[in-house]
Amino acid sequence: MTINPNIPQGALPDKWQNYKESQQLVSPANKRKLRIIVVGTGLAGASAASTLGQLGFAVDAFCLQDSPRRAHSIAAQGGINAAKNYQNDGDSVERLFRDTIKGGDYRAREANVYRLAQLSNNIIDLCVAQGVPFAREYGGQLANRSFGGAQVSRTFYARGQTGQQLLLGAYGALSREVARGTVTLHTRHEMLELVTEPDTDGTPVARGIITRNLVTGQLERHAAHAVVIASGGYGNVYHLSTNALGSNVSAAWACHRKGALFANPCFVQIHPTCIPMHGDYQSKLTLMSESLRNDGRIWVPRTKQLAEQLRQGTITANDIPADERDYYLERRYPAFGNLVPRDVASRAAKERCDAGFGVAYDGNAVFLDFADAIARLGKDTVSQRYGNLFSMYHKIVDQDPYSTPMIIYPAVHYTMGGLWVDYQLQTTVRGLFAAGEANFSDHGANRLGASALMQGLADGYFILPYTLQNYLASHIHDGMPSTDTQAFAIAHQEATDRIAALFSHSGYKPSNNTPADFHRRLGNIMWQHCGMARSKQSLTTALQLIGELSQEFHQNLHIPGSADEMNPALDQALHVADYIPLASLIATDALLREESCGGHFRVEHQTPDGETLRDDEHFMHVAAWQHQGSGQPETRLTEPLSYQHINLSTRNYK
Amino acid sequence: MNFKLHIWRQPNAKAKGHFETYSVANISPDCSFLEMLDILNAQLSTNPVSHPVCFDNDCREGICGMCGLYINGRPHGNDDGITTCQLHMRRFRDGDEIWIEPWRAKAFPIIKDLVVDRSAFDTIIQAGGYISATPGAAPDARNTLVDKHSADLAMDAAQCIGCGACVAACKNASAMLFVAAKVSHLALLPQGQPEAKQRVKAMVFAMDSLGFGSCSNTYACEAECPKQIKRDNIARLNRQWEAAKMS
């Protein structure tokens with residue numbers, strides 16, 4: 001199998017325009033006869049579903065929460081990037097493009113990223129028109145702030161709740177289409193299977209999905225002419241992450257089982273500023289926005305003795321004089337200081353903690369200190385900028401960040417890898433598209449802050465409405481899709497069998513065999529052996545431990561309750577059943593990528609001063625994995641990356 | 001810490017519910033309320049005859065609005081400006097008895113145990129809680145100036161997470177604060193003006209038809225709102241409503 005990214009002809013800045021001008025369109029009368037399924041109602045899903053509905057297509061939108069407004073995009077705090085250059089500080093589409101490619105450590109496709117940078121400006125226009133209450137200056141103009149990996153202020157924000165406000169904009173647009181009758185909502189539904197049929201050339205074509213109604217447990221069939229997966233990322237394979245508890249990979253993994261390639265699974269973003277872990281009962285890690293690094297300074301004590309005293313609780317941060325503090329990011333990266341990209345900041349924190357300079361009781365934390373900002377700007381200004389984050393921190397940690405520095409540590413946050421898509425966001429299954437965090441396309445090996453919201457909305461509002469139309473233009477004669485086919489019957493049976501298999505081990509068993517127990521154990525393996533630093537040895541260990549866990553899972557899993565009722569334990573079991581093979585794939589992908597780039601750090605491949613060492617000669621490609629059946633090793637395919645517009649260089653933030 | 005929990009159990013919408021009593025032991029004060037329920041559910045999972053307690057939750061950082069429990073008579077429990085997932089056990093005393101109930105409102109029927117159906121909120125938004133803007137027709141963002149004061153007030157109102165605590169807190173189960181927050185957010189912005197009149201009428205009509213009660217100005221909603229949305233928004237809603245009726 002060869003994979004073709006289908007990049008349009010022309011110079012980089014002209015490609016998207018060339019695509020739109022040569023694509024096929026569907027007439028209004030035909031649009032309403034074409035059904036599209038959108039799985040997920042976050043920024044990518046809600047923006048896609050609403051825009052497709054508004055164009056006149058018949059859309060079915062699915063989410064697992066009780067309302068589309070609760071998708072996890074809602075939790076994005078800091079902001080959304082755009083190349084508006086309203087600050088007159090030298091920004092441009094070209095510069096946003098270059099920053100994003102460089103931030104991703106030269107592992108993303110030029111054409112996709114250029115289009116993203118071009119569309120970034122349209123997103124801000126639309127969101128303002130929708131009434132998204134972005135921060136304003138006194139003159140009424142839009143305000144901006146800086147984010148990691150950039151030397152301009154291009155981030156638009158709505159206090160610390162930018163994701164919420166953008167999602168509510170998209171949810172409003174979606175709600176309007178529900179009222180107009182173009183979109184049908186299916187809340188509390190989870191996709192279990194993708195239904196495909198082989199095309200004349202043998203390539204699978206998407207025909208619909210099988211879902212589970214999370215209230216009644218009933219399996220349902222839904223047919224469509226095209227399916228969009230916008231179900232988010234797979235960070236919860238690490239159990240503890242900044243993701244919502246319900247966020248999962250199962251919809252994307254169901255597509256992978258049916259022939260959609262899964263690209264760059266080892267590219268996982270570990271966010272530097274999260275509230276540290278505090279106990280084995282913990283269910284999630286809370287992010288403290290990257291925007292805090294605009295004014296907060298990160299440090300640890302200069303000596304191990306002081307660090308030890310902090311860990312013992314005999315002194316506090318405020319007892320340490322200025323000359324005994326090591327502002328290690330400012331020391332190592334004077335050009336970017338505290339605003340280095342996330343992967344760099346995370347590794348630097350780990351390096352200090354591993355070397356014995358970590359604070360908090362277990363030594364896995366560093367300080368994020370606002371004392372200087374408060375002295376410079378006053379408490380009121382700091383509170384206006386970050387008040388909601390400070391109060392969130394205060395509630396969780398029970399310490400006042402206005403008077404004591406925050407303690408923070410890196411945590412799994414975002415996944416750059418995902419379903420492989422071409423320029424049209426189409427997977428290797430025809431008629432199956434992937435958008436937002438669920439696809440792999442734009443962030444390479446590391447995503448820059450405030451770029452996830454940009455990508456999700458670009459995909460949904462501005463890209464899929466064109467590319468899906470191009471696909472559907474050749475399907476106007478297909479007629480209404482039916483669920484009464486053999487393909488649906490088979491997929492329905494597969495879903496039934498998978499659930500039955502999970503229950504088959506369920507008798508009464510002693511404790512430690514619930515889905516939550518297995519999830520926690522899997523997360524530990526991944527965090528210990530496939531986290532911020534990876535080695536051949538750690539990854540081999542991970543693979544062995546995952547294999548053992550998988551066996552135990554399939555022998556001893558205990559799910560209380562039954563399949564024909566609301567049963568959150570079963571929901572979690574279905575997720576964990578998919579996380580286990582995904583975990584193996586992540587470790588395998590990390591093992592075979594014998595280089596360090598972005599968030600993927602192989603200790604064997606580093607510069608003398610501990611920075612990532614890429615191997616462009618052997619690894620300047622996308623690794624796209626093909627499923628070969630349950631329990632079988634997957635096949636690694638590659639899509640070469642070529643950089644014609646940009647000069648390859650070593651990422652340098654010093 | 002040790003606690004005695006009295007939890008509302010109800011297998012489905014039609015069944016009769018009742019309180020069941022459970023004990024949990026050795027809970028860390030740093031544990032969140034929902035993590036404490038996770039620990040209870042782990043206990044219940046290993047018992048062949050008991051079923052875990054169903055409760056809604058997702059982001060566990062106070063922004064998705066999915067969680068919402070009535071805890072000792074207060075929506076989201078005994079702390080201000082938080083959702084249930086942001087309540088920590090250090091807010092309780094060792095040995096406390098805790099009563100846990102679902103939201104109680106006619107417009108939010110119970111699905112199972114502590115899970116209720118809040119789709120009535122979606123229906124209200126569908127009636128008009130948006131600005132009709134389309135990707136192809138948006139003007140350049142810099143052409144729309146919004147004075148900082150209005151933008152800040154709009155943002156204050158826009159923070160609503162749609163959790164339903166306002167309805168649960170209200171003795172009339174009124175959705176007034178929820179509707180007021182959305183109407184205010186959009187009415188405060190110039191972009192919201194073209195549809196302002198039809199929006200307020202349609203949203204109030206939807207609210208009334210879905211079984212929410214009337215507002216009698218007790219402001220229990222404001223007291224319990226996890227995002228501390230102010231009752232001023234209700235005044236703004238009433239003013240919008242009167243203006244829309246007159247035109």
# chains A, B, ... in the order shown; residues from 1 in each chain; ligands from 1

call {"tool": "residues_around", "arguments": {"residues": "B:Pro135", "least_positions_apart": "4", "cutoff": "8 Å", "atoms": "only C-alpha atoms", "output": "list of chain:residue names"}}
result
A:Thr51, A:Asn122, A:Leu126, A:Tyr461, A:Phe462

call {"tool": "write_last_selection", "arguments": {"atoms": "N, CA and C atoms", "output": "PDB file, in the first residue's frame"}}
result
ATOM      1  N   THR A  51     -21.424  23.937  10.043  1.00  0.00           N
ATOM      2  CA  THR A  51     -21.183  24.520   8.726  1.00  0.00           C
ATOM      3  C   THR A  51     -21.753  23.635   7.618  1.00  0.00           C
ATOM      4  N   ASN A 122      -9.302  34.047   9.167  1.00  0.00           N
ATOM      5  CA  ASN A 122     -10.744  33.894   8.946  1.00  0.00           C
ATOM      6  C   ASN A 122     -11.450  33.424  10.221  1.00  0.00           C
ATOM      7  N   LEU A 126     -14.710  35.146  12.040  1.00  0.00           N
ATOM      8  CA  LEU A 126     -15.970  34.440  12.270  1.00  0.00           C
ATOM      9  C   LEU A 126     -16.326  34.433  13.748  1.00  0.00           C
ATOM     10  N   TYR A 461     -14.668  24.634  10.201  1.00  0.00           N
ATOM     11  CA  TYR A 461     -15.379  25.748   9.556  1.00  0.00           C
ATOM     12  C   TYR A 461     -14.947  25.939   8.105  1.00  0.00           C
ATOM     13  N   PHE A 462     -13.656  25.698   7.834  1.00  0.00           N
ATOM     14  CA  PHE A 462     -13.135  26.181   6.546  1.00  0.00           C
ATOM     15  C   PHE A 462     -12.573  25.110   5.615  1.00  0.00           C
TER      16      PHE A 462
END

call {"tool": "interface_residues", "arguments": {"of": "chain B", "to": "chain A", "cutoff": "6 Å", "atoms": "only C-alpha atoms", "output": "list in words"}}
result
Ser45, Thr46, Pro48, Asp58, Cys59, Cys64, Gln126, Tyr130, Ile131, Ala133, Pro135, Ala138, Asp140, Ala141, Leu145, Val146, Asp147, Lys148 and Met155 of chain B

call {"tool": "write_last_selection", "arguments": {"atoms": "N, CA, C and O atoms", "output": "JSON list (two decimals), in the first residue's frame"}}
result
[["chain", "number", "residue", "atom", "x", "y", "z"],
["B", 45, "SER", "N", -17.90, -2.10, 43.40],
["B", 45, "SER", "CA", -17.64, -2.98, 42.25],
["B", 45, "SER", "C", -17.19, -4.36, 42.69],
["B", 45, "SER", "O", -17.38, -5.33, 41.96],
["B", 46, "THR", "N", -16.54, -4.43, 43.84],
["B", 46, "THR", "CA", -16.02, -5.73, 44.27],
["B", 46, "THR", "C", -17.06, -6.51, 45.05],
["B", 46, "THR", "O", -16.83, -7.65, 45.42],
["B", 48, "PRO", "N", -20.51, -8.47, 45.03],
["B", 48, "PRO", "CA", -21.32, -9.08, 43.97],
["B", 48, "PRO", "C", -22.76, -8.57, 43.90],
["B", 48, "PRO", "O", -23.38, -8.67, 42.85],
["B", 58, "ASP", "N", -17.11, 14.86, 33.78],
["B", 58, "ASP", "CA", -16.23, 14.70, 32.62],
["B", 58, "ASP", "C", -14.90, 15.41, 32.82],
["B", 58, "ASP", "O", -13.89, 14.77, 33.09],
["B", 59, "CYS", "N", -14.88, 16.74, 32.75],
["B", 59, "CYS", "CA", -13.58, 17.42, 32.72],
["B", 59, "CYS", "C", -12.86, 17.39, 34.06],
["B", 59, "CYS", "O", -11.64, 17.40, 34.13],
["B", 64, "CYS", "N", -16.70, 22.00, 32.25],
["B", 64, "CYS", "CA", -17.60, 21.38, 31.27],
["B", 64, "CYS", "C", -19.06, 21.47, 31.69],
["B", 64, "CYS", "O", -19.96, 21.38, 30.86],
["B", 126, "GLN", "N", -31.28, 26.33, 21.42],
["B", 126, "GLN", "CA", -31.71, 26.13, 20.03],
["B", 126, "GLN", "C", -32.79, 27.14, 19.62],
["B", 126, "GLN", "O", -32.92, 27.50, 18.45],
["B", 130, "TYR", "N", -27.94, 32.30, 20.15],
["B", 130, "TYR", "CA", -26.75, 32.39, 19.29],
["B", 130, "TYR", "C", -26.86, 33.63, 18.42],
["B", 130, "TYR", "O", -27.91, 34.27, 18.37],
["B", 131, "ILE", "N", -25.75, 33.95, 17.75],
["B", 131, "ILE", "CA", -25.77, 34.98, 16.71],
["B", 131, "ILE", "C", -25.61, 34.25, 15.38],
["B", 131, "ILE", "O", -24.72, 33.41, 15.24],
["B", 133, "ALA", "N", -24.08, 33.82, 12.41],
["B", 133, "ALA", "CA", -22.93, 34.26, 11.61],
["B", 133, "ALA", "C", -22.45, 33.06, 10.82],
["B", 133, "ALA", "O", -22.46, 31.96, 11.33],
["B", 135, "PRO", "N", -19.45, 31.25, 8.14],
["B", 135, "PRO", "CA", -18.03, 31.36, 7.83],
["B", 135, "PRO", "C", -17.72, 32.22, 6.61],
["B", 135, "PRO", "O", -16.67, 32.87, 6.56],
["B", 138, "ALA", "N", -18.28, 36.73, 7.41],
["B", 138, "ALA", "CA", -17.85, 37.50, 8.58],
["B", 138, "ALA", "C", -16.96, 38.67, 8.15],
["B", 138, "ALA", "O", -16.03, 38.49, 7.38],
["B", 140, "ASP", "N", -14.01, 41.63, 8.67],
["B", 140, "ASP", "CA", -12.73, 41.62, 9.37],
["B", 140, "ASP", "C", -12.96, 41.98, 10.83],
["B", 140, "ASP", "O", -13.66, 42.94, 11.14],
["B", 141, "ALA", "N", -12.37, 41.18, 11.71],
["B", 141, "ALA", "CA", -12.63, 41.34, 13.14],
["B", 141, "ALA", "C", -12.33, 42.74, 13.64],
["B", 141, "ALA", "O", -12.95, 43.22, 14.58],
["B", 145, "LEU", "N", -15.63, 47.19, 16.87],
["B", 145, "LEU", "CA", -15.05, 47.65, 18.14],
["B", 145, "LEU", "C", -16.06, 47.39, 19.24],
["B", 145, "LEU", "O", -17.26, 47.60, 19.05],
["B", 146, "VAL", "N", -15.57, 46.91, 20.37],
["B", 146, "VAL", "CA", -16.45, 46.71, 21.52],
["B", 146, "VAL", "C", -15.78, 47.37, 22.71],
["B", 146, "VAL", "O", -14.63, 47.03, 23.03],
["B", 147, "ASP", "N", -16.45, 48.30, 23.35],
["B", 147, "ASP", "CA", -15.80, 48.97, 24.48],
["B", 147, "ASP", "C", -15.51, 47.95, 25.58],
["B", 147, "ASP", "O", -16.24, 46.98, 25.76],
["B", 148, "LYS", "N", -14.42, 48.18, 26.28],
["B", 148, "LYS", "CA", -13.92, 47.16, 27.21],
["B", 148, "LYS", "C", -14.95, 46.82, 28.29],
["B", 148, "LYS", "O", -15.11, 45.66, 28.66],
["B", 155, "MET", "N", -18.43, 38.96, 28.87],
["B", 155, "MET", "CA", -17.63, 37.79, 29.27],
["B", 155, "MET", "C", -18.09, 37.26, 30.63],
["B", 155, "MET", "O", -18.19, 36.05, 30.84]]

call {"tool": "residues_around", "arguments": {"residues": "A:Ala434", "least_positions_apart": "6", "cutoff": "9 Å", "atoms": "only C-alpha atoms", "output": "list in words"}}
result
Val227, Val228, Ile229, Ala230, Ser231, Ala252, Gly418, Leu419, Trp420, Val421, Leu425, Gln426, Thr427, Phe440 and Asp459 of chain A

call {"tool": "write_last_selection", "arguments": {"atoms": "all heavy atoms", "output": "tab-separated table (two decimals), in the first residue's frame"}}
result
chain	number	residue	atom	x	y	z
A	227	VAL	N	-18.40	10.01	6.71
A	227	VAL	CA	-18.27	10.04	8.17
A	227	VAL	C	-17.07	10.92	8.53
A	227	VAL	O	-16.01	10.82	7.92
A	227	VAL	CB	-18.04	8.60	8.72
A	227	VAL	CG1	-17.78	8.64	10.23
A	227	VAL	CG2	-19.23	7.70	8.41
A	228	VAL	N	-17.28	11.80	9.52
A	228	VAL	CA	-16.20	12.65	10.02
A	228	VAL	C	-15.90	12.23	11.46
A	228	VAL	O	-16.81	12.18	12.29
A	228	VAL	CB	-16.60	14.14	10.00
A	228	VAL	CG1	-15.49	15.00	10.61
A	228	VAL	CG2	-16.92	14.60	8.59
A	229	ILE	N	-14.65	11.93	11.73
A	229	ILE	CA	-14.24	11.62	13.11
A	229	ILE	C	-13.61	12.88	13.69
A	229	ILE	O	-12.59	13.36	13.19
A	229	ILE	CB	-13.21	10.46	13.14
A	229	ILE	CG1	-13.80	9.20	12.51
A	229	ILE	CG2	-12.74	10.19	14.57
A	229	ILE	CD1	-14.99	8.63	13.22
A	230	ALA	N	-14.24	13.40	14.72
A	230	ALA	CA	-13.71	14.58	15.40
A	230	ALA	C	-13.81	14.30	16.90
A	230	ALA	O	-14.41	15.04	17.67
A	230	ALA	CB	-14.50	15.83	15.02
A	231	SER	N	-13.22	13.18	17.28
A	231	SER	CA	-13.42	12.65	18.63
A	231	SER	C	-12.24	12.96	19.55
A	231	SER	O	-12.15	12.41	20.64
A	231	SER	CB	-13.66	11.14	18.55
A	231	SER	OG	-12.59	10.54	17.84
A	252	ALA	N	-11.72	6.66	16.98
A	252	ALA	CA	-10.61	6.65	16.02
A	252	ALA	C	-10.04	5.24	15.87
A	252	ALA	O	-9.68	4.82	14.77
A	252	ALA	CB	-9.51	7.61	16.50
A	418	GLY	N	-2.35	10.70	15.33
A	418	GLY	CA	-3.78	10.44	15.17
A	418	GLY	C	-4.03	9.79	13.83
A	418	GLY	O	-3.10	9.31	13.17
A	419	LEU	N	-5.29	9.79	13.41
A	419	LEU	CA	-5.62	9.16	12.13
A	419	LEU	C	-4.87	9.88	11.00
A	419	LEU	O	-4.87	11.11	10.93
A	419	LEU	CB	-7.12	9.21	11.89
A	419	LEU	CG	-7.96	8.33	12.83
A	419	LEU	CD1	-9.45	8.59	12.62
A	419	LEU	CD2	-7.64	6.85	12.61
A	420	TRP	N	-4.25	9.10	10.14
A	420	TRP	CA	-3.55	9.68	9.00
A	420	TRP	C	-4.59	10.27	8.06
A	420	TRP	O	-5.61	9.63	7.76
A	420	TRP	CB	-2.71	8.61	8.28
A	420	TRP	CG	-1.92	9.20	7.14
A	420	TRP	CD1	-0.66	9.70	7.18
A	420	TRP	CD2	-2.36	9.36	5.77
A	420	TRP	NE1	-0.29	10.18	5.96
A	420	TRP	CE2	-1.31	9.98	5.06
A	420	TRP	CE3	-3.55	9.05	5.09
A	420	TRP	CZ2	-1.40	10.30	3.71
A	420	TRP	CZ3	-3.65	9.37	3.74
A	420	TRP	CH2	-2.57	9.98	3.06
A	421	VAL	N	-4.35	11.49	7.59
A	421	VAL	CA	-5.25	12.12	6.61
A	421	VAL	C	-4.42	12.75	5.51
A	421	VAL	O	-3.26	13.12	5.72
A	421	VAL	CB	-6.14	13.20	7.25
A	421	VAL	CG1	-7.19	12.59	8.17
A	421	VAL	CG2	-5.31	14.24	8.02
A	425	LEU	N	-8.06	16.03	4.42
A	425	LEU	CA	-8.43	15.47	5.72
A	425	LEU	C	-9.16	14.15	5.57
A	425	LEU	O	-9.90	13.72	6.46
A	425	LEU	CB	-9.27	16.46	6.56
A	425	LEU	CG	-8.68	17.86	6.75
A	425	LEU	CD1	-9.57	18.67	7.69
A	425	LEU	CD2	-7.26	17.82	7.28
A	426	GLN	N	-8.95	13.48	4.45
A	426	GLN	CA	-9.54	12.17	4.23
A	426	GLN	C	-8.56	11.09	4.67
A	426	GLN	O	-7.36	11.17	4.37
A	426	GLN	CB	-9.93	11.98	2.77
A	426	GLN	CG	-10.65	10.67	2.51
A	426	GLN	CD	-11.32	10.61	1.15
A	426	GLN	OE1	-12.41	10.10	1.00
A	426	GLN	NE2	-10.65	11.13	0.14
A	427	THR	N	-9.07	10.08	5.35
A	427	THR	CA	-8.22	8.98	5.81
A	427	THR	C	-8.01	8.00	4.65
A	427	THR	O	-8.47	8.24	3.53
A	427	THR	CB	-8.88	8.22	6.97
A	427	THR	OG1	-10.03	7.55	6.47
A	427	THR	CG2	-9.30	9.16	8.10
A	440	PHE	N	-3.69	13.68	12.51
A	440	PHE	CA	-2.27	13.84	12.88
A	440	PHE	C	-1.64	15.05	12.22
A	440	PHE	O	-0.47	15.32	12.41
A	440	PHE	CB	-1.49	12.59	12.42
A	440	PHE	CG	-0.99	12.73	11.01
A	440	PHE	CD1	0.35	12.98	10.75
A	440	PHE	CD2	-1.86	12.68	9.96
A	440	PHE	CE1	0.80	13.17	9.45
A	440	PHE	CE2	-1.42	12.87	8.66
A	440	PHE	CZ	-0.09	13.11	8.40
A	459	ASP	N	-10.21	23.21	10.50
A	459	ASP	CA	-10.70	21.96	9.91
A	459	ASP	C	-12.22	21.99	9.73
A	459	ASP	O	-12.74	21.62	8.68
A	459	ASP	CB	-10.33	20.76	10.80
A	459	ASP	CG	-8.84	20.44	10.78
A	459	ASP	OD1	-8.10	21.12	10.05
A	459	ASP	OD2	-8.41	19.50	11.49

call {"tool": "select_by_dssp", "arguments": {"residues": "stretch 372-498 of chain A", "states": "helix (DSSP H, G or I)", "output": "PyMOL selection string"}}
result
chain A and resi 372-377+379-397+436-438+452-475+486-498

call {"tool": "closest_residue", "arguments": {"among": "A:Lys15, A:Arg447, A:Arg212, A:His554", "to": "A:Gly149", "atoms": "only C-alpha atoms"}}
result
A:Arg447

call {"tool": "residues_around", "arguments": {"residues": "A:Ala487", "least_positions_apart": "6", "cutoff": "10 Å", "atoms": "only C-alpha atoms", "output": "list in words"}}
result
Leu194, Val195, Thr196, Glu197, Pro198, Arg207, Gly208 and Gln493 of chain A

call {"tool": "residues_around", "arguments": {"residues": "B:Asn217", "least_positions_apart": "5", "cutoff": "10 Å", "atoms": "only C-alpha atoms", "output": "MDAnalysis selection string"}}
result
chainID B and resid 170 176 231 234

call {"tool": "residues_around", "arguments": {"residues": "stretch 21-30 of chain A", "least_positions_apart": "3", "cutoff": "10 Å", "atoms": "only C-alpha atoms", "output": "PyMOL selection string"}}
result
chain A and resi 8+15-18+33-34+55-57+466-477

call {"tool": "residues_around", "arguments": {"residues": "B:Lys197", "least_positions_apart": "6", "cutoff": "9 Å", "atoms": "only C-alpha atoms", "output": "ChimeraX atom specification"}}
result
/B:240-241,243-245,247

call {"tool": "write_last_selection", "arguments": {"atoms": "N, CA and C atoms", "output": "compact mmCIF listing (two decimals), in the first residue's frame"}}
result
# COMPACT_ATOMS: atom_id res chain seq x y z
N GLN B 240 -34.68 43.57 28.36
CA GLN B 240 -34.70 43.13 26.96
C GLN B 240 -36.09 42.62 26.58
N TRP B 241 -36.67 41.88 27.51
CA TRP B 241 -37.99 41.28 27.27
C TRP B 241 -39.04 42.37 27.10
N ALA B 243 -38.57 45.49 26.29
CA ALA B 243 -38.31 46.25 25.07
C ALA B 243 -38.78 45.47 23.84
N ALA B 244 -38.57 44.17 23.86
CA ALA B 244 -38.97 43.35 22.72
C ALA B 244 -40.48 43.29 22.60
N LYS B 245 -41.16 43.25 23.74
CA LYS B 245 -42.62 43.19 23.72
C LYS B 245 -43.22 44.48 23.16
N SER B 247 -42.00 46.48 20.97
CA SER B 247 -41.75 46.81 19.57
C SER B 247 -42.50 45.88 18.63

call {"tool": "atom_distance", "arguments": {"atom1": "atom CA of A:Thr303", "atom2": "atom CA of A:Thr273"}}
result
22.2 Å

call {"tool": "closest_residue", "arguments": {"among": "B:Asn143, B:Asn41, B:Gln193, B:Asn172", "to": "B:Cys215", "atoms": "only C-alpha atoms"}}
result
B:Asn172

call {"tool": "decode", "arguments": {"residues": "stretch 15-20 of chain B", "atoms": "all heavy atoms", "output": "tab-separated table (two decimals), in the first residue's frame"}}
result
chain	number	residue	atom	x	y	z
B	15	ALA	N	-38.56	4.18	37.88
B	15	ALA	CA	-38.54	3.48	39.17
B	15	ALA	C	-38.65	4.47	40.33
B	15	ALA	O	-38.40	5.66	40.18
B	15	ALA	CB	-37.25	2.68	39.29
B	16	LYS	N	-39.01	3.94	41.48
B	16	LYS	CA	-39.07	4.78	42.68
B	16	LYS	C	-37.68	4.80	43.30
B	16	LYS	O	-37.03	3.77	43.42
B	16	LYS	CB	-40.08	4.13	43.63
B	16	LYS	CG	-40.55	5.03	44.75
B	16	LYS	CD	-41.74	4.36	45.46
B	16	LYS	CE	-41.84	4.72	46.92
B	16	LYS	NZ	-41.78	6.12	47.27
B	17	GLY	N	-37.24	5.97	43.68
B	17	GLY	CA	-35.90	6.08	44.26
B	17	GLY	C	-35.92	6.02	45.77
B	17	GLY	O	-36.98	6.09	46.40
B	18	HIS	N	-34.74	5.86	46.36
B	18	HIS	CA	-34.63	5.85	47.82
B	18	HIS	C	-33.19	6.20	48.21
B	18	HIS	O	-32.28	6.13	47.38
B	18	HIS	CB	-34.98	4.47	48.37
B	18	HIS	CG	-34.00	3.41	47.96
B	18	HIS	ND1	-34.00	2.85	46.68
B	18	HIS	CD2	-32.98	2.83	48.63
B	18	HIS	CE1	-33.00	1.98	46.60
B	18	HIS	NE2	-32.37	1.94	47.76
B	19	PHE	N	-32.98	6.54	49.46
B	19	PHE	CA	-31.61	6.78	49.94
B	19	PHE	C	-31.00	5.46	50.40
B	19	PHE	O	-31.65	4.65	51.05
B	19	PHE	CB	-31.61	7.77	51.11
B	19	PHE	CG	-31.72	9.19	50.67
B	19	PHE	CD1	-32.93	9.87	50.75
B	19	PHE	CD2	-30.61	9.85	50.16
B	19	PHE	CE1	-33.03	11.18	50.33
B	19	PHE	CE2	-30.70	11.16	49.74
B	19	PHE	CZ	-31.92	11.83	49.82
B	20	GLU	N	-29.74	5.29	50.06
B	20	GLU	CA	-28.99	4.12	50.49
B	20	GLU	C	-27.80	4.67	51.30
B	20	GLU	O	-27.27	5.73	50.97
B	20	GLU	CB	-28.48	3.38	49.26
B	20	GLU	CG	-27.95	2.00	49.47
B	20	GLU	CD	-29.05	0.92	49.35
B	20	GLU	OE1	-29.89	1.00	48.43
B	20	GLU	OE2	-29.02	0.03	50.20
